[in-house]
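Right, one structure below, let's go through it.
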Amino acid sequence: MDKQAPLVRRVKLGTQGFEVSKLGFGCMGLTGGYSSALDDEAGIAVIMRAFRRGVTFFDTADEYGGPFTNEILLGKALKQLPREQVQVATKFGLRRDESGARTVCGRPEYVRACCEASLRRLGIDCIDLYYQHRVDTTVPIEDTIGELKKELGIGIVTYSPIGRGFFGGRGVKEQVPADSVLHGIPRFAAENLERNKQIYLQMEELANKHQCSPAQLALAWVLHQGDDVVPIPGTTKIKNLDSNIGSLKVRLTDEDLKEIGSHIREEDVAGGRHFTSSALASWKYADTPKKQS
């Protein structure tokens, strides 16, 4: 670990004893999507830097990287890290058909095949946290994930906690790259982005008050939602990684949280946060058929 860096504290994610770093790292962007992919050496360097700074919880998915390359990259990095000190999360449920279109699948036999394939790509014998990426509305949820329920004390992992880069200035301070998948997200559509810029400016004003960046304030707000909430911001840049870790130093009171909530309101955001093609397969909207007894 980096001796000069503030230690990222450990928290229990849920009530079953699963311990992770309070700040995780989302690996998705390392193999393209929001911007150009990094080569293996550069991508592994970012992961190694995160670990040295105290981040031990790394998130990937079989679908990331077009597909599979993201898990393979993380697997290469894991070979250079002490496995017992790293927590790995990956996902199943999204795949590409022959035309390249993204589809959702939650059939039990598919889930098992995905899990076994992810283990091979990652080069590990156990996945610490396994997610259903999107909900297959044609399969009873009991068949897909069995008795996995909120009552079991499951923690919350928040992905895209900086608004897919929005609070880092993407689309406001800098242009969205031409090859970025953000062009497929409604919030980044021209007319919506123009309205959402006002939210960024409000966040920037609040961040100045706390002597941090808008991205750090967004992360700090998430970090203050409870010890069972762990954000996983990702980046391809070391400076952004260090800045994200710096958000752990931002202290917010209950009054600060109320102030942020009153200025940055969900109802003021223009456009949805999901890709149009998979919006209805998110947990919030998906409804699966009743399992026949």
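In the structure tokens, chains take letters A, B, ... by order of appearance, with residues numbered from 1 within each chain and ligands from 1 in the order shown.
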Excluding region 259-271 of chain A and its own-chain neighbours fewer than 4 positions away, which residues fall within 12 Å of it when counting only C-alpha atoms? Please give them as a ChimeraX atom specification. /A:163,166-167,184-207,209-210,214,217-218,220-222,224-225,252-255,275-276,279
Write out as a ChimeraX atom specification all residues of region 57-255 of chain A that backbone DSSP assigns to strand (DSSP E). /A:57-59,87-92,94-96,102-104,129-132,156-158,229-231
Leu241 (chain A) environment, 8 Å, only C-alpha atoms, sequence neighbours closer than 5 positions dropped, as an NGL selection string: :A and (46 or 50 or 234-235)
Could the residues of region 54-159 of chain A that have an atom at most 9 Å from region 19-28 of chain A be listed as JSON lines, each with its closest atom pair and the distance in Å to one decimal, counting only C-alpha atoms and ordered by chain and ascending residue number?
{"residue": "A:Gly54", "atom": "CA", "partner": "A:Ser21", "partner_atom": "CA", "distance": 7.2}
{"residue": "A:Val55", "atom": "CA", "partner": "A:Ser21", "partner_atom": "CA", "distance": 5.7}
{"residue": "A:Thr56", "atom": "CA", "partner": "A:Ser21", "partner_atom": "CA", "distance": 5.6}
{"residue": "A:Phe57", "atom": "CA", "partner": "A:Gly24", "partner_atom": "CA", "distance": 4.7}
{"residue": "A:Phe58", "atom": "CA", "partner": "A:Phe25", "partner_atom": "CA", "distance": 5.0}
{"residue": "A:Asp59", "atom": "CA", "partner": "A:Gly26", "partner_atom": "CA", "distance": 4.9}
{"residue": "A:Thr60", "atom": "CA", "partner": "A:Cys27", "partner_atom": "CA", "distance": 5.5}
{"residue": "A:Ala61", "atom": "CA", "partner": "A:Met28", "partner_atom": "CA", "distance": 7.6}
{"residue": "A:Tyr64", "atom": "CA", "partner": "A:Met28", "partner_atom": "CA", "distance": 5.9}
{"residue": "A:Gly65", "atom": "CA", "partner": "A:Met28", "partner_atom": "CA", "distance": 7.3}
{"residue": "A:Asn70", "atom": "CA", "partner": "A:Met28", "partner_atom": "CA", "distance": 6.5}
{"residue": "A:Glu71", "atom": "CA", "partner": "A:Cys27", "partner_atom": "CA", "distance": 8.7}
{"residue": "A:Leu74", "atom": "CA", "partner": "A:Cys27", "partner_atom": "CA", "distance": 7.7}
{"residue": "A:Val86", "atom": "CA", "partner": "A:Val20", "partner_atom": "CA", "distance": 8.2}
{"residue": "A:Gln87", "atom": "CA", "partner": "A:Val20", "partner_atom": "CA", "distance": 6.6}
{"residue": "A:Val157", "atom": "CA", "partner": "A:Gly24", "partner_atom": "CA", "distance": 8.8}
{"residue": "A:Tyr159", "atom": "CA", "partner": "A:Gly26", "partner_atom": "CA", "distance": 7.4}
Please determine, counting only C-alpha atoms, which residue among A:Gln85, A:Ser36, A:Gln16, A:Ser282 has the shortest atom-to-atom distance to His133 (chain A).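 So, comparing all the options, the nearest one is A:Ser282.
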Using backbone DSSP assignments, extract all helix (DSSP H, G or I) residues from region 26-115 of chain A; output them as a PyMOL selection string. chain A and resi 28-31+40-52+69-78+83-85+108-115
Grab the residues selected above and save them as a tab-separated table (two decimals), in the first residue's frame with N, CA and C atoms.
chain	number	residue	atom	x	y	z
A	28	MET	N	-14.77	-0.81	-15.93
A	28	MET	CA	-15.38	-0.79	-17.26
A	28	MET	C	-14.64	0.09	-18.26
A	29	GLY	N	-14.35	1.33	-17.89
A	29	GLY	CA	-13.78	2.28	-18.83
A	29	GLY	C	-12.38	1.96	-19.30
A	30	LEU	N	-11.69	1.06	-18.62
A	30	LEU	CA	-10.31	0.75	-19.00
A	30	LEU	C	-10.23	0.10	-20.38
A	31	THR	N	-11.30	-0.58	-20.78
A	31	THR	CA	-11.30	-1.26	-22.09
A	31	THR	C	-12.24	-0.58	-23.07
A	40	ASP	N	-3.02	-2.94	-22.28
A	40	ASP	CA	-2.96	-3.73	-21.05
A	40	ASP	C	-2.03	-3.11	-20.01
A	41	GLU	N	-0.88	-2.65	-20.45
A	41	GLU	CA	0.11	-2.11	-19.50
A	41	GLU	C	-0.45	-0.89	-18.76
A	42	ALA	N	-1.08	0.01	-19.52
A	42	ALA	CA	-1.63	1.22	-18.90
A	42	ALA	C	-2.82	0.89	-18.01
A	43	GLY	N	-3.68	-0.02	-18.46
A	43	GLY	CA	-4.85	-0.40	-17.68
A	43	GLY	C	-4.46	-1.06	-16.37
A	44	ILE	N	-3.50	-1.96	-16.43
A	44	ILE	CA	-3.03	-2.64	-15.22
A	44	ILE	C	-2.38	-1.64	-14.28
A	45	ALA	N	-1.69	-0.64	-14.83
A	45	ALA	CA	-1.04	0.38	-14.00
A	45	ALA	C	-2.07	1.15	-13.17
A	46	VAL	N	-3.22	1.44	-13.77
A	46	VAL	CA	-4.28	2.15	-13.03
A	46	VAL	C	-4.79	1.27	-11.89
A	47	ILE	N	-5.03	0.01	-12.17
A	47	ILE	CA	-5.51	-0.92	-11.15
A	47	ILE	C	-4.49	-1.05	-10.01
A	48	MET	N	-3.22	-1.17	-10.37
A	48	MET	CA	-2.17	-1.31	-9.36
A	48	MET	C	-2.07	-0.06	-8.50
A	49	ARG	N	-2.21	1.10	-9.14
A	49	ARG	CA	-2.17	2.36	-8.39
A	49	ARG	C	-3.33	2.41	-7.40
A	50	ALA	N	-4.52	2.01	-7.85
A	50	ALA	CA	-5.68	2.01	-6.97
A	50	ALA	C	-5.42	1.12	-5.75
A	51	PHE	N	-4.86	-0.06	-5.98
A	51	PHE	CA	-4.58	-0.98	-4.87
A	51	PHE	C	-3.56	-0.38	-3.91
A	52	ARG	N	-2.53	0.24	-4.45
A	52	ARG	CA	-1.50	0.85	-3.59
A	52	ARG	C	-2.08	1.97	-2.74
A	69	THR	N	-13.10	-8.64	-22.68
A	69	THR	CA	-11.73	-8.14	-22.52
A	69	THR	C	-11.50	-7.45	-21.17
A	70	ASN	N	-12.57	-6.90	-20.57
A	70	ASN	CA	-12.40	-6.24	-19.29
A	70	ASN	C	-12.07	-7.23	-18.19
A	71	GLU	N	-12.79	-8.35	-18.17
A	71	GLU	CA	-12.48	-9.39	-17.19
A	71	GLU	C	-11.07	-9.93	-17.40
A	72	ILE	N	-10.69	-10.10	-18.65
A	72	ILE	CA	-9.34	-10.61	-18.95
A	72	ILE	C	-8.27	-9.65	-18.44
A	73	LEU	N	-8.49	-8.34	-18.65
A	73	LEU	CA	-7.54	-7.33	-18.16
A	73	LEU	C	-7.44	-7.39	-16.64
A	74	LEU	N	-8.57	-7.40	-15.96
A	74	LEU	CA	-8.53	-7.46	-14.50
A	74	LEU	C	-7.85	-8.75	-14.04
A	75	GLY	N	-8.10	-9.84	-14.75
A	75	GLY	CA	-7.44	-11.11	-14.42
A	75	GLY	C	-5.93	-11.01	-14.49
A	76	LYS	N	-5.42	-10.30	-15.49
A	76	LYS	CA	-3.97	-10.11	-15.61
A	76	LYS	C	-3.43	-9.29	-14.43
A	77	ALA	N	-4.20	-8.28	-14.01
A	77	ALA	CA	-3.78	-7.47	-12.87
A	77	ALA	C	-3.80	-8.29	-11.58
A	78	LEU	N	-4.81	-9.15	-11.44
A	78	LEU	CA	-4.93	-9.96	-10.23
A	78	LEU	C	-3.73	-10.87	-10.03
A	83	ARG	N	-4.29	-12.14	-3.79
A	83	ARG	CA	-5.71	-12.43	-3.98
A	83	ARG	C	-6.52	-12.28	-2.70
A	84	GLU	N	-5.94	-12.67	-1.56
A	84	GLU	CA	-6.68	-12.62	-0.31
A	84	GLU	C	-6.98	-11.19	0.15
A	85	GLN	N	-6.33	-10.21	-0.48
A	85	GLN	CA	-6.56	-8.81	-0.11
A	85	GLN	C	-7.44	-8.07	-1.11
A	108	PRO	N	-31.33	-19.99	-16.06
A	108	PRO	CA	-30.41	-20.58	-15.08
A	108	PRO	C	-29.17	-21.22	-15.70
A	109	GLU	N	-29.35	-21.96	-16.81
A	109	GLU	CA	-28.19	-22.62	-17.42
A	109	GLU	C	-27.21	-21.59	-17.99
A	110	TYR	N	-27.74	-20.45	-18.44
A	110	TYR	CA	-26.89	-19.38	-18.95
A	110	TYR	C	-26.10	-18.75	-17.81
A	111	VAL	N	-26.77	-18.56	-16.67
A	111	VAL	CA	-26.11	-17.97	-15.50
A	111	VAL	C	-24.92	-18.83	-15.08
A	112	ARG	N	-25.11	-20.14	-14.98
A	112	ARG	CA	-24.02	-21.03	-14.59
A	112	ARG	C	-22.87	-20.97	-15.60
A	113	ALA	N	-23.20	-20.99	-16.89
A	113	ALA	CA	-22.16	-20.94	-17.92
A	113	ALA	C	-21.38	-19.64	-17.83
A	114	CYS	N	-22.09	-18.54	-17.59
A	114	CYS	CA	-21.43	-17.23	-17.47
A	114	CYS	C	-20.49	-17.22	-16.28
A	115	CYS	N	-20.94	-17.75	-15.16
A	115	CYS	CA	-20.12	-17.76	-13.95
A	115	CYS	C	-18.84	-18.55	-14.17
Measuring between only C-alpha atoms, which one of A:Gly226, A:Gly14, A:Pro233, A:Gly100 shows the shortest distance to Gly168 (chain A)? A:Pro233
